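A.B. asks: One structure, pasted below without further comment.
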Amino acid sequence: MKKVLLVGNPNVGKSAIFSRLTGVRVVVSNYPGTTVEFTKGKSKILSEVVEVMDVPGMYSLEPTCKAEEVAATMLKDGDVIINVIDATNLERNLCLTLELIEKGYPVIVALNIWDETKHKGIFIDIKKLEMFLGVPVVSTCGLTGEGVRNLILRLKEVKGSEEKTTTSLKKWQKIGQIISESQQLTHKHHSFLEVLEDLSIKPFSGLLISVFVTICSFFIIRFIGEGLINYVLNPFFDKIWLPFISVLGNFLGEGSFLHYILIGNLINGQVDFGLSFGLLTTGLYVPVAMVLPYILSFYLVLGLLEDFGYLPRLAVLADNIMHRLGLHGYAIVTMILGFGCNVPGALAMRLLENRRDKFIAATLLSIAIPCMAQIAMIVGLLGPRGGGALLIVFMTLFTIWIVLGFIMNKVLKGETSPLILEIPPYRHPHIKAVVKKLWMRTGGFLVSAIPYVLLGILVVNILYALRIIELFSSIFAPFLKHIWGLPAGSISALLIGFLRKDVAVGMLGPLALTTKQLIIGCVILAIYFPCAATFVVLVKELGLKDMLKSALIMVFTAIIVGGFLNLIL
Amino acid sequence: MLIDITHLKPGEEGVIKEITGGTGLISRMQNMGIRTGETVKKISSHFWCGPQTVEVGRCKVAVGHGVAKKIIIEVER
């Protein structure tokens with residue numbers, strides 16, 4: 001099967017074109033580095049089925065980070081290379097184009113983001129550009145699909161050429177010549193968006209805007225999340241699901257093994273969706289009614305910010321603080337993604353250049369950034385005890401993030417790699433694209449979370465039934481009690497936390513803990529170890545040795561911070 | 001007058017004369033359009049030795065303070 005590769009600078013819309021060509025859904029955003037791993041899909045092009053690959057963005061054929069390395073090694077396997085370039089940024093994009101052509105790769109150029117050239121007063125003579133480059137050039141707009149048909153039709157014209165080399169200086173001279181002959185710029189007045197672009201990277205106005213954006217995001221996420229829980233999901237579970245469960249419960253008979261597994265323990269003779277811990281009660285209630293609403297609202301807000309192009313600006317503003325933690329500003333993107341789910345956050349470690357950066361970022365992410373599923377459960381469990389308790393949990397995690405980063409930056413050898421970041425223009429988010437991305441991410445959560453939550457609850461019930469939890473409890477009881485002030489039963493939550501953090505937090509519910517104990521439990525569950533899925537990704541990104549070191553820091557921090565909270569609260 | 005980018009005032013323009021630093025760093029900057037002979041315009045600089053944002057060609061680039069010190073430009077004052 002023929003292989004078609006989509007290659008180009010970061011943030012030029014490769015993934016959008018990939019989606020158009022293959023129908024495969026991939027995350028598309030307006031910031032460099034959305035795609036860190038290649039995605040494959042199939043497409044029927046001129047009655048021939050071909051494999052299409054979405055390659056992570058790269059600036060040149062000499063890789064500078066892991067994501068670019070992945071891209072560079074893939075090029076050799078391509079039968080056709082579609083070089084996607086940003087039409088509004090021709091000059092910079094052409095460097096890679098020339099490199100590809102020089103190497104003799106079979107290239108076709110997709111002049112993407114074509115729709116924006118008109119607003120920006122850019123005129124490009126496609127015929128002239130084709131003549132200079134000697135390869136087919138097609139204008140496209142990945143988000144709307146314009147020009148993609150034409151791109152497919154012209155794929156057959158693509159052929160490779162002899163390899164030749166020119167110096168970097170000559171290359172830039174050639175680019176200069178191409179630009180001056182095939183592109184005309186007319187002066188345009190600053191649009192409102194452009195004014196906002198500058199304001200949001202200036203120190204004072206930028207800081208104000210970032211505070212405003214953060215507060216707004218917080219309230220929108222809470223408003224939508226709570227609204228869905230109170231007006232949609234709780235009524236559904238109480239009015240429709242509960243009667244069904246009651247009938248099933250009577251049929252199975254309380255005390256039977258199946259009743260125990262499917263419905264769980266009755267609390268005061270009633271099913272309690274949060275506390276019963278059966279597969280059909282807590283097993284469905286936790287992911288669907290407690291976590292899903294916040295996942296949905298978080299990814300809606302994140303999707304809008306991503307597509308608008310805000311994240312790189314936040315990175316610039318954060319660079320200063322992040323440097324004191326041994327990271328450069330762009331690492332904040334891994335943390336923000338981590339708030340949704342630690343796994344994409346961990347995958348985004350590939351955006352960081354060196355081993356030290358990755359180690360610090362991964363450790364801080366695992367310890368101090370709880371995922372949305374975990375946050376939702378903490379809010380659900382601790383919220384009724386008052387906002388102060390919630391504040392203590394999140395302020396503690398934030399303090400650890402700062403202090404631990406500061407310490408690692410002082411202790412670890414080596415230097416933080418510097419920030420060199422392209423800042424994309426603001427773009428109006430396409431509602432269709434935002435909804436599609438939201439749907440993908442939410443669906444992804446349901447598909448990956450529900451089986452694991454159910455598995456987690458099944459494992460807990462079996463461990464209880466086999467009295468294994470009892471055994472662990474008696475072994476760890478003195479430790480839990482003296483250091484953290486937690487009852488022996490909380491060991492079950494710590495065990496399940498290796499599998500899924502949301503279930504683990506939920507398991508603190510039936511233990512009848514005091515507010516102080518709940519706070520300590522929630523903090524420890526966030527810190528002590530990443531969930532299995534994150535752990536696997538981090539081992540791949542960091543290597544086993546660094547991951548073990550990082551895990552040691554996690555366990556150590558959990559012991560110290562938990563003990564400290566136990567002393568002062 | 002030759003200065004580095006950190007000394008440029010917001011809104012001021014200059015032509016890049018020299019970029020010092022390792023080859024890796026230089027090529028990363030070149031990829032973003034920061035090359036000798038190009039005109040850069042400063043957009044903002046952040047306090048406490050924070051990053052500097054500049055406009056070069058048609059794109060905006062943020063560089064850390066340490067990196068910015070390595071980009072020498074000529075300005076008319």
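Residue numbering restarts at 1 in every chain; chains get A, B, ... in the order shown in the structure tokens, and ligands count up from 1 in that same order.
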Wanna dump the chain B-chain A contacts at 8 Å for me, each residue with its shortest atom pair and the distance in Å to one decimal, counting only C-alpha atoms, ordered by chain and number, as a tab-separated table?
C.D. replies:
residue	atom	partner	partner_atom	distance
B:Gly24	CA	A:Thr64	CA	7.4
B:Arg28	CA	A:Thr64	CA	7.4
B:Met29	CA	A:Ile420	CA	7.2
B:Asn31	CA	A:Tyr59	CA	5.7
B:Met32	CA	A:Arg92	CA	6.6
B:Gly33	CA	A:Arg92	CA	5.8
B:Ile43	CA	A:Asp198	CA	7.1
B:Ser44	CA	A:Lys202	CA	5.3
B:Ser45	CA	A:Pro203	CA	7.0
B:His46	CA	A:Pro203	CA	5.3
B:Phe47	CA	A:Pro203	CA	7.2
B:Trp48	CA	A:Asn320	CA	7.3
B:Cys49	CA	A:Asn320	CA	7.4
B:Gly50	CA	A:Asn320	CA	5.1
B:Pro51	CA	A:Val316	CA	6.6
B:Thr53	CA	A:Ile201	CA	7.6
B:Gly57	CA	A:Glu91	CA	7.7
B:Arg58	CA	A:Asn89	CA	6.1
B:Cys59	CA	A:Asn89	CA	7.0
B:Lys60	CA	A:Ile423	CA	5.3
B:Val61	CA	A:Glu422	CA	4.4
B:Ala62	CA	A:Leu421	CA	5.1
B:Val63	CA	A:Ile420	CA	4.5
B:Gly64	CA	A:Leu419	CA	4.8
B:Gly66	CA	A:Pro418	CA	7.3
B:Val67	CA	A:Pro418	CA	6.8
A.B. asks: Excluding Ile72 in chain B and residues on its chain fewer than 6 positions from it, collect all residues at most 8 Å away from it, counting only C-alpha atoms, and give them as a list of chain:residue names.
C.D. replies: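 What passes the distance filter is B:Leu2, B:Ile3, B:Asp4, B:Ile5, B:Ile16, B:Lys17, B:Glu18, B:Ile19.
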A.B. asks: Write to file, as a PDB file, in the first residue's frame, the residues of the selection just made, with C-alpha atoms.
C.D. replies:
ATOM      1  CA  LEU B   2      24.849  47.617  18.379  1.00  0.00           C
ATOM      2  CA  ILE B   3      22.754  46.284  21.226  1.00  0.00           C
ATOM      3  CA  ASP B   4      21.142  43.000  22.164  1.00  0.00           C
ATOM      4  CA  ILE B   5      17.396  42.482  21.922  1.00  0.00           C
ATOM      5  CA  ILE B  16      20.011  41.418  13.261  1.00  0.00           C
ATOM      6  CA  LYS B  17      23.797  41.610  12.912  1.00  0.00           C
ATOM      7  CA  GLU B  18      25.001  38.584  14.802  1.00  0.00           C
ATOM      8  CA  ILE B  19      23.664  35.587  16.695  1.00  0.00           C
TER       9      ILE B  19
END
A.B. asks: Excluding Asn566 in chain A and its own-chain neighbours fewer than 4 positions away, which residues fall within 7 Å of it when counting only C-alpha atoms? Please give them as a list in words.
C.D. replies: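 Surrounding residues, per the criterion: Trp484, Gly485 and Gly562 of chain A.
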A.B. asks: Based on the selection just made, write C-alpha atoms of those residues as a compact mmCIF listing (two decimals), in the first residue's frame.
C.D. replies:
# COMPACT_ATOMS: atom_id res chain seq x y z
CA TRP A 484 -1.17 10.33 58.35
CA GLY A 485 -3.82 9.81 61.01
CA GLY A 562 0.67 13.90 54.61
A.B. asks: Check the smallest atom-to-atom distance from each of A:Asn265, A:Gln517, A:Ser161, A:Ser474 to Leu486 in chain A using only C-alpha atoms, then report the winner.
C.D. replies: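 Nearest to Leu486 in chain A: A:Gln517.
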A.B. asks: Pick the closest to Pro287 in chain A from A:Leu412, A:Val138, A:Ala488, A:Leu454: which is it, counting only C-alpha atoms?
C.D. replies: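 Checking each of A:Leu412, A:Val138, A:Ala488, A:Leu454 against Pro287 in chain A, counting only C-alpha atoms, the winner is A:Leu454.
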A.B. asks: Record the distance separating CA of Met53 in chain A and CA of Glu68 in chain A, expressed in Å with one decimal.
C.D. replies: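 Between CA of Met53 in chain A and CA of Glu68 in chain A the gap works out to 14.6 Å.
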A.B. asks: Identify, with DSSP run on backbone atoms, the residues in range 35-76 of chain B assigned to strand (DSSP E or B), and express the list as a PyMOL selection string.
C.D. replies: chain B and resi 39-45+52-56+59-63+71-74
A.B. asks: Let me see the file: selected residues, C-alpha atoms, as a PDB file, in the first residue's frame.
C.D. replies:
ATOM      1  CA  THR B  39      14.467  43.071  10.765  1.00  0.00           C
ATOM      2  CA  VAL B  40      12.981  42.485  14.196  1.00  0.00           C
ATOM      3  CA  LYS B  41      10.450  44.574  16.029  1.00  0.00           C
ATOM      4  CA  LYS B  42      10.147  44.276  19.774  1.00  0.00           C
ATOM      5  CA  ILE B  43       6.642  43.694  21.096  1.00  0.00           C
ATOM      6  CA  SER B  44       7.203  43.315  24.790  1.00  0.00           C
ATOM      7  CA  SER B  45       9.678  42.348  27.440  1.00  0.00           C
ATOM      8  CA  GLN B  52      11.220  38.870  25.124  1.00  0.00           C
ATOM      9  CA  THR B  53       8.632  38.779  22.386  1.00  0.00           C
ATOM     10  CA  VAL B  54       9.519  40.043  18.944  1.00  0.00           C
ATOM     11  CA  GLU B  55       7.945  40.196  15.545  1.00  0.00           C
ATOM     12  CA  VAL B  56      10.115  38.919  12.747  1.00  0.00           C
ATOM     13  CA  CYS B  59       5.376  35.887  12.848  1.00  0.00           C
ATOM     14  CA  LYS B  60       5.710  36.505  16.528  1.00  0.00           C
ATOM     15  CA  VAL B  61       8.339  34.693  18.501  1.00  0.00           C
ATOM     16  CA  ALA B  62       9.061  34.566  22.218  1.00  0.00           C
ATOM     17  CA  VAL B  63      12.631  33.929  23.345  1.00  0.00           C
ATOM     18  CA  ILE B  71      20.886  38.248  19.443  1.00  0.00           C
ATOM     19  CA  ILE B  72      22.843  41.374  18.520  1.00  0.00           C
ATOM     20  CA  ILE B  73      21.058  43.991  16.474  1.00  0.00           C
ATOM     21  CA  GLU B  74      21.823  47.337  14.939  1.00  0.00           C
TER      22      GLU B  74
END
A.B. asks: Skipping near chain neighbours, those fewer than 2 positions away, what residues fall within 12 Å of Val536 in chain A using only C-alpha atoms, listed as an NGL selection string?
C.D. replies: :A and (342-343 or 346-347 or 498-499 or 529-534 or 538-544 or 547-548)
A.B. asks: Just the number, please: distance in Å from CA of Ser490 in chain A to CA of Ala376 in chain A, one decimal.
C.D. replies: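 Going from CA of Ser490 in chain A over to CA of Ala376 in chain A covers 19.4 Å.
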A.B. asks: Find the residues near range 72-81 of chain A: any atom within 12 Å, counting only C-alpha atoms, skip ones fewer than 5 places away on the same chain, and give them as an NGL selection string.
C.D. replies: :A and (1-8 or 14 or 37-40 or 50-67 or 96-97 or 99-101 or 103-110 or 135-136 or 151-152 or 154-160)
